[in-house]
>>> print(open('data_39.json').read())   # JSON, C-alpha atoms and all ligand atoms
[["chain", "number", "residue", "atom", "x", "y", "z"],
["A", 1, "MET", "CA", 112.75, 4.54, 142.94],
["A", 2, "ALA", "CA", 109.95, 7.06, 142.33],
["A", 3, "ARG", "CA", 107.47, 6.16, 139.60],
["A", 4, "ALA", "CA", 107.80, 8.25, 136.42],
["A", 5, "LEU", "CA", 104.32, 9.74, 136.17],
["A", 6, "TYR", "CA", 105.09, 11.98, 133.19],
["A", 7, "ASN", "CA", 105.25, 9.65, 130.22],
["A", 8, "PRO", "CA", 105.58, 11.30, 126.79],
["A", 9, "MET", "CA", 106.25, 7.98, 125.04],
["A", 10, "GLY", "CA", 104.89, 8.02, 121.49],
["A", 11, "THR", "CA", 104.36, 11.80, 121.51],
["A", 12, "THR", "CA", 106.53, 14.57, 120.04],
["A", 13, "ALA", "CA", 108.38, 17.11, 122.15],
["A", 14, "LEU", "CA", 109.72, 20.39, 120.77],
["A", 15, "VAL", "CA", 112.82, 21.79, 122.49],
["A", 16, "THR", "CA", 114.13, 25.26, 121.67],
["A", 17, "GLY", "CA", 117.76, 25.98, 122.48],
["A", 18, "ALA", "CA", 118.55, 22.33, 121.73],
["A", 19, "SER", "CA", 122.06, 23.05, 120.46],
["A", 20, "SER", "CA", 123.57, 23.66, 123.90],
["A", 21, "GLY", "CA", 123.32, 23.39, 127.66],
["A", 22, "LEU", "CA", 119.93, 22.77, 129.23],
["A", 23, "GLY", "CA", 118.21, 22.27, 125.87],
["A", 24, "VAL", "CA", 120.50, 19.30, 125.17],
["A", 25, "GLY", "CA", 119.72, 17.94, 128.64],
["A", 26, "TYR", "CA", 115.97, 18.18, 128.04],
["A", 27, "ALA", "CA", 116.29, 16.53, 124.64],
["A", 28, "HIS", "CA", 118.04, 13.54, 126.27],
["A", 29, "GLU", "CA", 115.48, 13.28, 129.07],
["A", 30, "LEU", "CA", 112.54, 13.38, 126.68],
["A", 31, "ALA", "CA", 114.14, 10.94, 124.25],
["A", 32, "GLN", "CA", 114.92, 8.56, 127.10],
["A", 33, "ARG", "CA", 111.24, 8.67, 128.04],
["A", 34, "GLY", "CA", 110.26, 7.66, 124.52],
["A", 35, "ALA", "CA", 109.30, 10.97, 122.90],
["A", 36, "ASP", "CA", 110.21, 11.92, 119.35],
["A", 37, "LEU", "CA", 111.94, 15.30, 119.17],
["A", 38, "VAL", "CA", 111.79, 18.55, 117.27],
["A", 39, "LEU", "CA", 115.12, 20.29, 117.83],
["A", 40, "VAL", "CA", 115.25, 24.05, 117.32],
["A", 41, "ALA", "CA", 118.19, 26.50, 117.52],
["A", 42, "ARG", "CA", 120.44, 28.36, 115.05],
["A", 43, "ARG", "CA", 123.43, 25.98, 114.95],
["A", 44, "GLN", "CA", 122.34, 23.27, 112.55],
["A", 45, "ASP", "CA", 125.52, 21.16, 112.92],
["A", 46, "ARG", "CA", 124.96, 20.86, 116.68],
["A", 47, "LEU", "CA", 121.31, 19.91, 116.22],
["A", 48, "GLU", "CA", 122.17, 17.27, 113.63],
["A", 49, "ALA", "CA", 124.87, 15.77, 115.85],
["A", 50, "LEU", "CA", 122.37, 15.64, 118.74],
["A", 51, "ALA", "CA", 119.77, 13.96, 116.50],
["A", 52, "VAL", "CA", 122.31, 11.24, 115.61],
["A", 53, "ASP", "CA", 123.23, 10.78, 119.27],
["A", 54, "LEU", "CA", 119.56, 10.48, 120.33],
["A", 55, "ALA", "CA", 118.85, 8.00, 117.52],
["A", 56, "GLU", "CA", 121.81, 5.83, 118.56],
["A", 57, "LYS", "CA", 121.08, 5.95, 122.29],
["A", 58, "TYR", "CA", 117.28, 5.73, 122.38],
["A", 59, "GLY", "CA", 116.10, 5.08, 118.80],
["A", 60, "THR", "CA", 114.61, 8.58, 118.72],
["A", 61, "VAL", "CA", 113.23, 10.14, 115.55],
["A", 62, "SER", "CA", 114.28, 13.80, 115.54],
["A", 63, "THR", "CA", 113.28, 16.65, 113.28],
["A", 64, "VAL", "CA", 116.00, 19.27, 113.04],
["A", 65, "ILE", "CA", 114.80, 22.83, 112.44],
["A", 66, "PRO", "CA", 117.62, 25.40, 112.34],
["A", 67, "LEU", "CA", 116.00, 28.75, 113.09],
["A", 68, "ASP", "CA", 116.78, 32.16, 114.52],
["A", 69, "LEU", "CA", 113.83, 32.67, 116.85],
["A", 70, "THR", "CA", 114.41, 36.43, 116.88],
["A", 71, "ALA", "CA", 113.72, 36.72, 113.14],
["A", 72, "PRO", "CA", 110.46, 38.59, 112.49],
["A", 73, "GLU", "CA", 108.43, 35.66, 111.12],
["A", 74, "ALA", "CA", 110.25, 32.89, 112.99],
["A", 75, "VAL", "CA", 107.33, 31.44, 114.95],
["A", 76, "PRO", "CA", 104.76, 31.48, 112.10],
["A", 77, "GLU", "CA", 107.42, 29.87, 109.86],
["A", 78, "LEU", "CA", 108.13, 27.21, 112.47],
["A", 79, "MET", "CA", 104.43, 26.47, 112.80],
["A", 80, "ALA", "CA", 104.05, 26.21, 109.00],
["A", 81, "ASP", "CA", 107.03, 23.85, 108.92],
["A", 82, "LEU", "CA", 105.49, 21.63, 111.62],
["A", 83, "THR", "CA", 102.16, 21.57, 109.78],
["A", 84, "SER", "CA", 103.82, 20.65, 106.47],
["A", 85, "ARG", "CA", 105.60, 17.75, 108.21],
["A", 86, "ASP", "CA", 102.37, 16.73, 109.97],
["A", 87, "VAL", "CA", 104.04, 17.00, 113.38],
["A", 88, "ASN", "CA", 101.78, 17.28, 116.43],
["A", 89, "VAL", "CA", 103.54, 18.59, 119.51],
["A", 90, "GLY", "CA", 102.59, 17.25, 122.96],
["A", 91, "THR", "CA", 105.42, 18.80, 125.00],
["A", 92, "LEU", "CA", 107.08, 22.18, 124.57],
["A", 93, "VAL", "CA", 110.33, 23.13, 126.30],
["A", 94, "ASN", "CA", 111.24, 26.79, 125.83],
["A", 95, "SER", "CA", 114.94, 26.70, 126.69],
["A", 96, "ALA", "CA", 116.37, 29.15, 124.11],
["A", 97, "GLY", "CA", 117.45, 32.30, 125.88],
["A", 98, "PHE", "CA", 120.43, 34.44, 126.76],
["A", 99, "GLY", "CA", 121.55, 37.17, 129.12],
["A", 100, "THR", "CA", 123.87, 40.15, 128.95],
["A", 101, "LEU", "CA", 126.12, 41.42, 131.68],
["A", 102, "GLY", "CA", 126.85, 45.11, 132.27],
["A", 103, "SER", "CA", 125.19, 48.39, 133.05],
["A", 104, "PHE", "CA", 122.15, 49.18, 130.94],
["A", 105, "VAL", "CA", 123.32, 52.66, 129.96],
["A", 106, "ASP", "CA", 126.32, 51.18, 128.15],
["A", 107, "ALA", "CA", 124.47, 48.23, 126.64],
["A", 108, "ASP", "CA", 124.04, 47.73, 122.93],
["A", 109, "ALA", "CA", 120.43, 48.62, 122.13],
["A", 110, "ASP", "CA", 120.00, 45.98, 119.41],
["A", 111, "ARG", "CA", 121.35, 43.24, 121.68],
["A", 112, "GLN", "CA", 118.88, 44.22, 124.42],
["A", 113, "ALA", "CA", 116.02, 44.15, 121.93],
["A", 114, "GLU", "CA", 117.19, 40.74, 120.72],
["A", 115, "GLN", "CA", 117.22, 39.50, 124.31],
["A", 116, "ILE", "CA", 113.63, 40.60, 124.91],
["A", 117, "THR", "CA", 112.56, 39.18, 121.56],
["A", 118, "LEU", "CA", 114.04, 35.75, 122.31],
["A", 119, "ASN", "CA", 113.42, 35.43, 126.05],
["A", 120, "VAL", "CA", 109.95, 36.98, 126.05],
["A", 121, "LEU", "CA", 108.33, 37.44, 122.64],
["A", 122, "ALA", "CA", 109.35, 34.22, 120.87],
["A", 123, "LEU", "CA", 108.60, 32.18, 124.00],
["A", 124, "THR", "CA", 105.16, 33.76, 124.26],
["A", 125, "GLN", "CA", 104.36, 33.37, 120.55],
["A", 126, "LEU", "CA", 105.47, 29.76, 120.45],
["A", 127, "THR", "CA", 103.55, 28.94, 123.60],
["A", 128, "HIS", "CA", 100.44, 30.60, 122.17],
["A", 129, "ALA", "CA", 100.78, 28.74, 118.88],
["A", 130, "LEU", "CA", 101.24, 25.31, 120.48],
["A", 131, "LEU", "CA", 99.13, 25.55, 123.64],
["A", 132, "PRO", "CA", 95.90, 24.26, 122.01],
["A", 133, "ASP", "CA", 97.80, 21.12, 120.86],
["A", 134, "LEU", "CA", 99.40, 20.66, 124.29],
["A", 135, "ILE", "CA", 96.02, 20.95, 126.01],
["A", 136, "SER", "CA", 94.34, 18.45, 123.67],
["A", 137, "ALA", "CA", 97.24, 16.01, 124.11],
["A", 138, "ALA", "CA", 96.93, 16.33, 127.90],
["A", 139, "THR", "CA", 93.16, 15.82, 127.76],
["A", 140, "LEU", "CA", 93.34, 12.87, 125.37],
["A", 141, "ARG", "CA", 96.22, 11.07, 127.07],
["A", 142, "PRO", "CA", 96.77, 12.23, 130.67],
["A", 143, "ASN", "CA", 100.38, 12.62, 131.87],
["A", 144, "THR", "CA", 101.85, 12.74, 128.37],
["A", 145, "ALA", "CA", 101.94, 16.50, 127.79],
["A", 146, "ALA", "CA", 103.93, 19.35, 129.33],
["A", 147, "LEU", "CA", 104.95, 22.97, 128.98],
["A", 148, "VAL", "CA", 108.36, 23.73, 130.50],
["A", 149, "ASN", "CA", 109.57, 27.32, 130.38],
["A", 150, "LEU", "CA", 113.08, 28.26, 131.48],
["A", 151, "ALA", "CA", 112.92, 31.14, 133.92],
["A", 152, "SER", "CA", 115.74, 31.67, 136.46],
["A", 153, "THR", "CA", 116.41, 32.59, 140.06],
["A", 154, "ALA", "CA", 116.96, 36.04, 138.48],
["A", 155, "ALA", "CA", 113.17, 36.14, 138.15],
["A", 156, "PHE", "CA", 112.69, 36.73, 141.88],
["A", 157, "GLN", "CA", 114.37, 40.13, 142.16],
["A", 158, "PRO", "CA", 115.76, 42.93, 140.02],
["A", 159, "VAL", "CA", 119.40, 42.22, 139.14],
["A", 160, "PRO", "CA", 121.60, 45.29, 138.56],
["A", 161, "GLN", "CA", 124.11, 44.62, 135.73],
["A", 162, "MET", "CA", 121.64, 42.10, 134.30],
["A", 163, "SER", "CA", 118.58, 44.32, 134.35],
["A", 164, "VAL", "CA", 116.94, 43.27, 131.09],
["A", 165, "TYR", "CA", 117.70, 39.59, 131.61],
["A", 166, "ALA", "CA", 116.21, 39.51, 135.13],
["A", 167, "ALA", "CA", 113.14, 41.43, 133.95],
["A", 168, "SER", "CA", 112.69, 39.02, 131.05],
["A", 169, "LYS", "CA", 112.84, 36.04, 133.43],
["A", 170, "ALA", "CA", 110.38, 37.71, 135.84],
["A", 171, "TYR", "CA", 108.06, 37.82, 132.83],
["A", 172, "VAL", "CA", 108.62, 34.13, 132.05],
["A", 173, "LEU", "CA", 107.91, 33.14, 135.66],
["A", 174, "SER", "CA", 104.76, 35.25, 135.97],
["A", 175, "PHE", "CA", 103.48, 34.21, 132.52],
["A", 176, "THR", "CA", 104.06, 30.51, 133.13],
["A", 177, "GLU", "CA", 102.46, 30.52, 136.57],
["A", 178, "ALA", "CA", 99.38, 32.22, 135.13],
["A", 179, "LEU", "CA", 99.18, 29.54, 132.41],
["A", 180, "TRP", "CA", 99.57, 26.85, 135.07],
["A", 181, "TYR", "CA", 96.39, 28.18, 136.63],
["A", 182, "GLU", "CA", 94.51, 28.77, 133.37],
["A", 183, "THR", "CA", 95.14, 25.23, 132.10],
["A", 184, "ARG", "CA", 94.89, 23.34, 135.40],
["A", 185, "ALA", "CA", 91.64, 21.55, 134.47],
["A", 186, "SER", "CA", 93.23, 20.07, 131.33],
["A", 187, "GLY", "CA", 95.90, 18.03, 133.11],
["A", 188, "LEU", "CA", 98.67, 19.77, 131.17],
["A", 189, "LYS", "CA", 101.85, 19.83, 133.23],
["A", 190, "VAL", "CA", 103.02, 23.45, 133.27],
["A", 191, "THR", "CA", 106.08, 24.65, 135.13],
["A", 192, "ALA", "CA", 108.66, 27.44, 135.15],
["A", 193, "VAL", "CA", 112.12, 26.09, 135.91],
["A", 194, "CYS", "CA", 114.29, 28.48, 137.94],
["A", 195, "PRO", "CA", 117.94, 27.46, 138.16],
["A", 196, "GLY", "CA", 120.76, 29.59, 139.49],
["A", 197, "TYR", "CA", 124.08, 29.48, 137.61],
["A", 198, "VAL", "CA", 124.38, 26.33, 135.52],
["A", 199, "ASP", "CA", 127.58, 25.20, 133.88],
["A", 200, "THR", "CA", 126.64, 25.81, 130.20],
["A", 201, "GLU", "CA", 127.58, 28.31, 127.49],
["A", 202, "PHE", "CA", 125.28, 30.84, 129.17],
["A", 203, "SER", "CA", 127.97, 32.71, 131.11],
["A", 204, "ALA", "CA", 130.30, 33.07, 128.13],
["A", 205, "VAL", "CA", 127.43, 34.30, 125.92],
["A", 206, "ALA", "CA", 126.50, 36.82, 128.64],
["A", 207, "GLY", "CA", 130.07, 38.07, 128.70],
["A", 208, "ASN", "CA", 130.93, 36.73, 132.14],
["A", 209, "HIS", "CA", 134.31, 35.04, 131.94],
["A", 210, "GLN", "CA", 134.92, 34.79, 135.68],
["A", 211, "PRO", "CA", 134.74, 31.16, 136.76],
["A", 212, "THR", "CA", 132.36, 30.39, 139.61],
["A", 213, "ASP", "CA", 132.62, 27.34, 141.83],
["A", 214, "ARG", "CA", 128.99, 27.59, 142.89],
["A", 215, "HIS", "CA", 127.12, 26.34, 139.90],
["A", 216, "LEU", "CA", 124.56, 23.66, 139.16],
["A", 217, "THR", "CA", 125.05, 20.92, 136.61],
["A", 218, "VAL", "CA", 122.70, 20.31, 133.71],
["A", 219, "GLU", "CA", 121.95, 16.89, 135.27],
["A", 220, "ARG", "CA", 120.84, 18.56, 138.51],
["A", 221, "VAL", "CA", 118.41, 20.81, 136.63],
["A", 222, "MET", "CA", 117.07, 17.78, 134.75],
["A", 223, "ARG", "CA", 116.51, 15.87, 138.00],
["A", 224, "SER", "CA", 114.54, 18.74, 139.54],
["A", 225, "THR", "CA", 112.46, 19.28, 136.40],
["A", 226, "CYS", "CA", 111.66, 15.58, 136.05],
["A", 227, "ALA", "CA", 110.78, 15.27, 139.73],
["A", 228, "ALA", "CA", 108.29, 18.13, 139.25],
["A", 229, "LEU", "CA", 106.81, 16.61, 136.09],
["A", 230, "ASP", "CA", 106.49, 13.23, 137.79],
["A", 231, "ARG", "CA", 104.33, 14.65, 140.56],
["A", 232, "THR", "CA", 100.56, 14.17, 140.30],
["A", 233, "SER", "CA", 100.21, 17.90, 140.70],
["A", 234, "THR", "CA", 103.17, 19.54, 138.94],
["A", 235, "PRO", "CA", 104.12, 22.77, 140.76],
["A", 236, "PRO", "CA", 103.93, 26.06, 138.84],
["A", 237, "GLN", "CA", 107.61, 26.74, 139.55],
["A", 238, "VAL", "CA", 110.69, 24.67, 140.29],
["A", 239, "ILE", "CA", 113.61, 26.39, 142.02],
["A", 240, "VAL", "CA", 116.65, 24.22, 141.49],
["A", 241, "GLY", "CA", 118.86, 23.74, 144.55],
["A", 242, "LYS", "CA", 118.07, 24.18, 148.25],
["A", 243, "ARG", "CA", 120.25, 27.27, 148.65],
["A", 244, "ASN", "CA", 118.63, 28.91, 145.62],
["A", 245, "ALA", "CA", 115.17, 28.14, 147.02],
["A", 246, "VAL", "CA", 116.07, 29.80, 150.33],
["A", 247, "LEU", "CA", 117.50, 32.87, 148.56],
["A", 248, "ALA", "CA", 114.45, 33.17, 146.30],
["A", 249, "ARG", "CA", 112.10, 33.01, 149.30],
["A", 250, "ALA", "CA", 114.20, 35.61, 151.10],
["A", 251, "ALA", "CA", 114.01, 37.90, 148.05],
["A", 252, "ILE", "CA", 110.22, 37.58, 147.97],
["A", 253, "LEU", "CA", 109.84, 38.32, 151.68],
["A", 254, "SER", "CA", 112.42, 41.11, 152.10],
["A", 255, "PRO", "CA", 112.02, 44.85, 151.43],
["A", 256, "ARG", "CA", 112.84, 45.63, 147.79],
["A", 257, "ARG", "CA", 115.65, 48.09, 148.63],
["A", 258, "ALA", "CA", 117.43, 45.53, 150.79],
["A", 259, "VAL", "CA", 117.08, 42.95, 148.03],
["A", 260, "LEU", "CA", 118.50, 45.39, 145.49],
["A", 261, "LYS", "CA", 121.48, 46.07, 147.73],
["A", 262, "VAL", "CA", 122.31, 42.37, 147.88],
["A", 263, "ALA", "CA", 121.56, 41.70, 144.19],
["A", 264, "GLY", "CA", 123.67, 44.70, 143.17],
["A", 265, "ARG", "CA", 126.78, 43.67, 145.10],
["A", 266, "PRO", "CA", 129.76, 43.12, 142.78],
["A", 267, "ARG", "CA", 130.29, 39.43, 142.15],
["B", 301, "LIG", "N1", 123.04, 28.59, 132.54],
["B", 301, "LIG", "C1", 122.51, 29.32, 133.49],
["B", 301, "LIG", "O1", 123.23, 29.76, 134.43],
["B", 301, "LIG", "C2", 121.04, 29.59, 133.53],
["B", 301, "LIG", "C3", 120.46, 29.92, 134.75],
["B", 301, "LIG", "C4", 119.11, 30.18, 134.81],
["B", 301, "LIG", "C5", 118.34, 30.11, 133.65],
["B", 301, "LIG", "N2", 118.92, 29.79, 132.47],
["B", 301, "LIG", "C6", 118.09, 29.77, 131.26],
["B", 301, "LIG", "O2", 118.12, 28.48, 130.71],
["B", 301, "LIG", "C7", 117.94, 28.55, 129.31],
["B", 301, "LIG", "C8", 119.01, 27.72, 128.62],
["B", 301, "LIG", "O3", 120.26, 28.32, 128.88],
["B", 301, "LIG", "P1", 121.61, 27.48, 128.85],
["B", 301, "LIG", "O4", 122.21, 27.60, 130.18],
["B", 301, "LIG", "O5", 121.34, 26.15, 128.26],
["B", 301, "LIG", "O6", 122.46, 28.40, 127.86],
["B", 301, "LIG", "P2", 123.25, 28.04, 126.52],
["B", 301, "LIG", "O7", 124.12, 26.86, 126.73],
["B", 301, "LIG", "O8", 123.89, 29.32, 126.09],
["B", 301, "LIG", "O9", 122.08, 27.66, 125.51],
["B", 301, "LIG", "C9", 121.23, 28.64, 124.95],
["B", 301, "LIG", "C10", 120.47, 28.06, 123.78],
["B", 301, "LIG", "O10", 119.64, 29.09, 123.22],
["B", 301, "LIG", "C11", 119.81, 29.06, 121.79],
["B", 301, "LIG", "N3", 119.59, 30.35, 121.18],
["B", 301, "LIG", "C12", 120.25, 31.51, 121.47],
["B", 301, "LIG", "N4", 119.84, 32.49, 120.66],
["B", 301, "LIG", "C13", 118.91, 31.94, 119.82],
["B", 301, "LIG", "C14", 118.14, 32.43, 118.74],
["B", 301, "LIG", "N5", 118.24, 33.72, 118.34],
["B", 301, "LIG", "N6", 117.30, 31.59, 118.10],
["B", 301, "LIG", "C15", 117.21, 30.29, 118.48],
["B", 301, "LIG", "N7", 117.90, 29.77, 119.50],
["B", 301, "LIG", "C16", 118.75, 30.58, 120.15],
["B", 301, "LIG", "C17", 121.26, 28.60, 121.59],
["B", 301, "LIG", "O11", 121.41, 27.99, 120.31],
["B", 301, "LIG", "P3", 122.10, 28.67, 119.03],
["B", 301, "LIG", "O12", 123.20, 29.56, 119.51],
["B", 301, "LIG", "O13", 122.57, 27.49, 118.25],
["B", 301, "LIG", "O14", 120.99, 29.40, 118.36],
["B", 301, "LIG", "C18", 121.38, 27.55, 122.68],
["B", 301, "LIG", "O15", 120.92, 26.32, 122.21],
["B", 301, "LIG", "C19", 117.95, 30.04, 128.95],
["B", 301, "LIG", "O16", 116.63, 30.48, 128.79],
["B", 301, "LIG", "C20", 118.59, 30.68, 130.15],
["B", 301, "LIG", "O17", 118.16, 32.01, 130.33],
["B", 301, "LIG", "C21", 120.26, 29.52, 132.39]]
>>> encode(input="data_39.json", output="structure tokens")
Amino acid sequence: MARALYNPMGTTALVTGASSGLGVGYAHELAQRGADLVLVARRQDRLEALAVDLAEKYGTVSTVIPLDLTAPEAVPELMADLTSRDVNVGTLVNSAGFGTLGSFVDADADRQAEQITLNVLALTQLTHALLPDLISAATLRPNTAALVNLASTAAFQPVPQMSVYAASKAYVLSFTEALWYETRASGLKVTAVCPGYVDTEFSAVAGNHQPTDRHLTVERVMRSTCAALDRTSTPPQVIVGKRNAVLARAAILSPRRAVLKVAGRPR
């Protein structure tokens, strides 16, 4: 069995989007590795149930912070809350995010703005607010600190019918890779995770009610993320699944028009 190089034991990890899907998966992984948790999302009942589950399974101490990250002062309020509780964050997982399906011309303007605010602005603000702490944790105790941002395979090409979502994930990928480079001397493990479809609430929230048989499991995304974090040199991006990796490479190497034609095909 591969040695677990990333060891957040005794540190605190903050997971956004911890009420569902991948955020729940990350909370379990981090708790299992001995981190205390700060759980952030809007649905307080889900976060509290997760905190109980983590305490029972791993003896984890969790701080539950119900918060709408699209609210104007959400990130400064979250930071003030962490300071008042004397919580020092060593790992940040930005998993909160959503997509919308449909042509842009018909899309609800407020919902699009909310999507950009959550997927891009809140992620950027929270990363900016916590990055100094993550870097000092990485410097002080090597291999204990990480920044994991949820991008997507949608980040590798424009996606008609999900135009704002794909653009927001292209931002997350580019932003995270740049931070990987900027912080490389600190030892902070920085990576953008790029799954394809995962079986979570994501599709229903996006308004896609067609079942797909080609989806990843949360466990599969966790395995790929952990394998990346456990490497001496964590890669700036993790594409989950061999087929997705091939398709992402093809999108990068092919002419943009051809890529658009494929990405725009009705699913
Ligand atoms: N599932 C996929 O196919 C897939 C593929 C590639 C990338 N991703 C990315 O992976 C991440 C996690 O998605 P998922 O699959 O786990 O989806 P999910 O099951 O729908 O979970 C999304 C999480 O985001 C939280 N969230 C939504 N709006 C929020 C807000 N305004 N403030 C705070 N939290 C909010 C939700 O909690 P509340 O509703 O309780 O606030 C929930 O915990 C997202 O960034 C997504 O774009 C997903």
>>> residues_near_ligand(input="data_39.json", ligand="ligand LIG 301 (chain B)", cutoff="7 Å", atoms="all atoms listed in the file", output="mmCIF file with C-alpha atoms, in the coordinates of the input")
data_model
loop_
_atom_site.group_PDB
_atom_site.id
_atom_site.type_symbol
_atom_site.label_atom_id
_atom_site.label_comp_id
_atom_site.auth_asym_id
_atom_site.auth_seq_id
_atom_site.Cartn_x
_atom_site.Cartn_y
_atom_site.Cartn_z
ATOM 1 C CA THR A 16 114.130 25.260 121.670
ATOM 2 C CA GLY A 17 117.760 25.980 122.480
ATOM 3 C CA ALA A 18 118.550 22.330 121.730
ATOM 4 C CA SER A 19 122.060 23.050 120.460
ATOM 5 C CA SER A 20 123.570 23.660 123.900
ATOM 6 C CA GLY A 21 123.320 23.390 127.660
ATOM 7 C CA LEU A 22 119.930 22.770 129.230
ATOM 8 C CA GLY A 23 118.210 22.270 125.870
ATOM 9 C CA VAL A 40 115.250 24.050 117.320
ATOM 10 C CA ALA A 41 118.190 26.500 117.520
ATOM 11 C CA ARG A 42 120.440 28.360 115.050
ATOM 12 C CA ARG A 43 123.430 25.980 114.950
ATOM 13 C CA LEU A 67 116.000 28.750 113.090
ATOM 14 C CA ASP A 68 116.780 32.160 114.520
ATOM 15 C CA LEU A 69 113.830 32.670 116.850
ATOM 16 C CA THR A 70 114.410 36.430 116.880
ATOM 17 C CA SER A 95 114.940 26.700 126.690
ATOM 18 C CA ALA A 96 116.370 29.150 124.110
ATOM 19 C CA GLY A 97 117.450 32.300 125.880
ATOM 20 C CA PHE A 98 120.430 34.440 126.760
ATOM 21 C CA GLY A 99 121.550 37.170 129.120
ATOM 22 C CA LEU A 118 114.040 35.750 122.310
ATOM 23 C CA ASN A 119 113.420 35.430 126.050
ATOM 24 C CA LEU A 150 113.080 28.260 131.480
ATOM 25 C CA ALA A 151 112.920 31.140 133.920
ATOM 26 C CA SER A 152 115.740 31.670 136.460
ATOM 27 C CA THR A 153 116.410 32.590 140.060
ATOM 28 C CA CYS A 194 114.290 28.480 137.940
ATOM 29 C CA PRO A 195 117.940 27.460 138.160
ATOM 30 C CA GLY A 196 120.760 29.590 139.490
ATOM 31 C CA TYR A 197 124.080 29.480 137.610
ATOM 32 C CA VAL A 198 124.380 26.330 135.520
ATOM 33 C CA ASP A 199 127.580 25.200 133.880
ATOM 34 C CA THR A 200 126.640 25.810 130.200
ATOM 35 C CA GLU A 201 127.580 28.310 127.490
ATOM 36 C CA PHE A 202 125.280 30.840 129.170
ATOM 37 C CA SER A 203 127.970 32.710 131.110
ATOM 38 C CA VAL A 205 127.430 34.300 125.920
#
>>> atom_distance(input="data_39.json", atom1="atom CA of Ile116 of chain A", atom2="atom CA of Ala166 of chain A")
10.6 Å
>>> atom_distance(input="data_39.json", atom1="atom CA of Ser136 of chain A", atom2="atom CA of Ser168 of chain A")
28.5 Å
>>> closest_residue(input="data_39.json", among="A:Leu216, A:Ala71, A:Cys226, A:Ile135", to="Glu182 of chain A", atoms="only C-alpha atoms")
A:Ile135
>>> closest_residue(input="data_39.json", among="A:Met162, A:Ala55, A:Val148, A:Ala178", to="Ala228 of chain A", atoms="all atoms listed in the file")
A:Val148
>>> closest_residue(input="data_39.json", among="A:Val105, A:Ala146, A:Val240, A:Leu47", to="Ala35 of chain A", atoms="all atoms listed in the file")
A:Ala146
>>> residues_around(input="data_39.json", residues="Asp133 of chain A", least_positions_apart="3", cutoff="8 Å", atoms="all atoms listed in the file", output="number ranges by chain")
A: 88-90, 130, 136-137
>>> atom_distance(input="data_39.json", atom1="atom CA of Ala245 of chain A", atom2="atom CA of Thr100 of chain A")
23.4 Å
>>> closest_residue(input="data_39.json", among="A:Asn149, A:Asn208, A:Asp45, A:Gln161", to="Asp106 of chain A", atoms="all atoms listed in the file")
A:Gln161
>>> closest_residue(input="data_39.json", among="A:Leu101, A:Val262, A:Pro158, A:Arg223", to="Tyr171 of chain A", atoms="only C-alpha atoms")
A:Pro158
>>> residues_around(input="data_39.json", residues="Ser103 of chain A", least_positions_apart="5", cutoff="12 Å", atoms="all atoms listed in the file", output="number ranges by chain")
A: 108-109, 112, 159-165, 264, 266
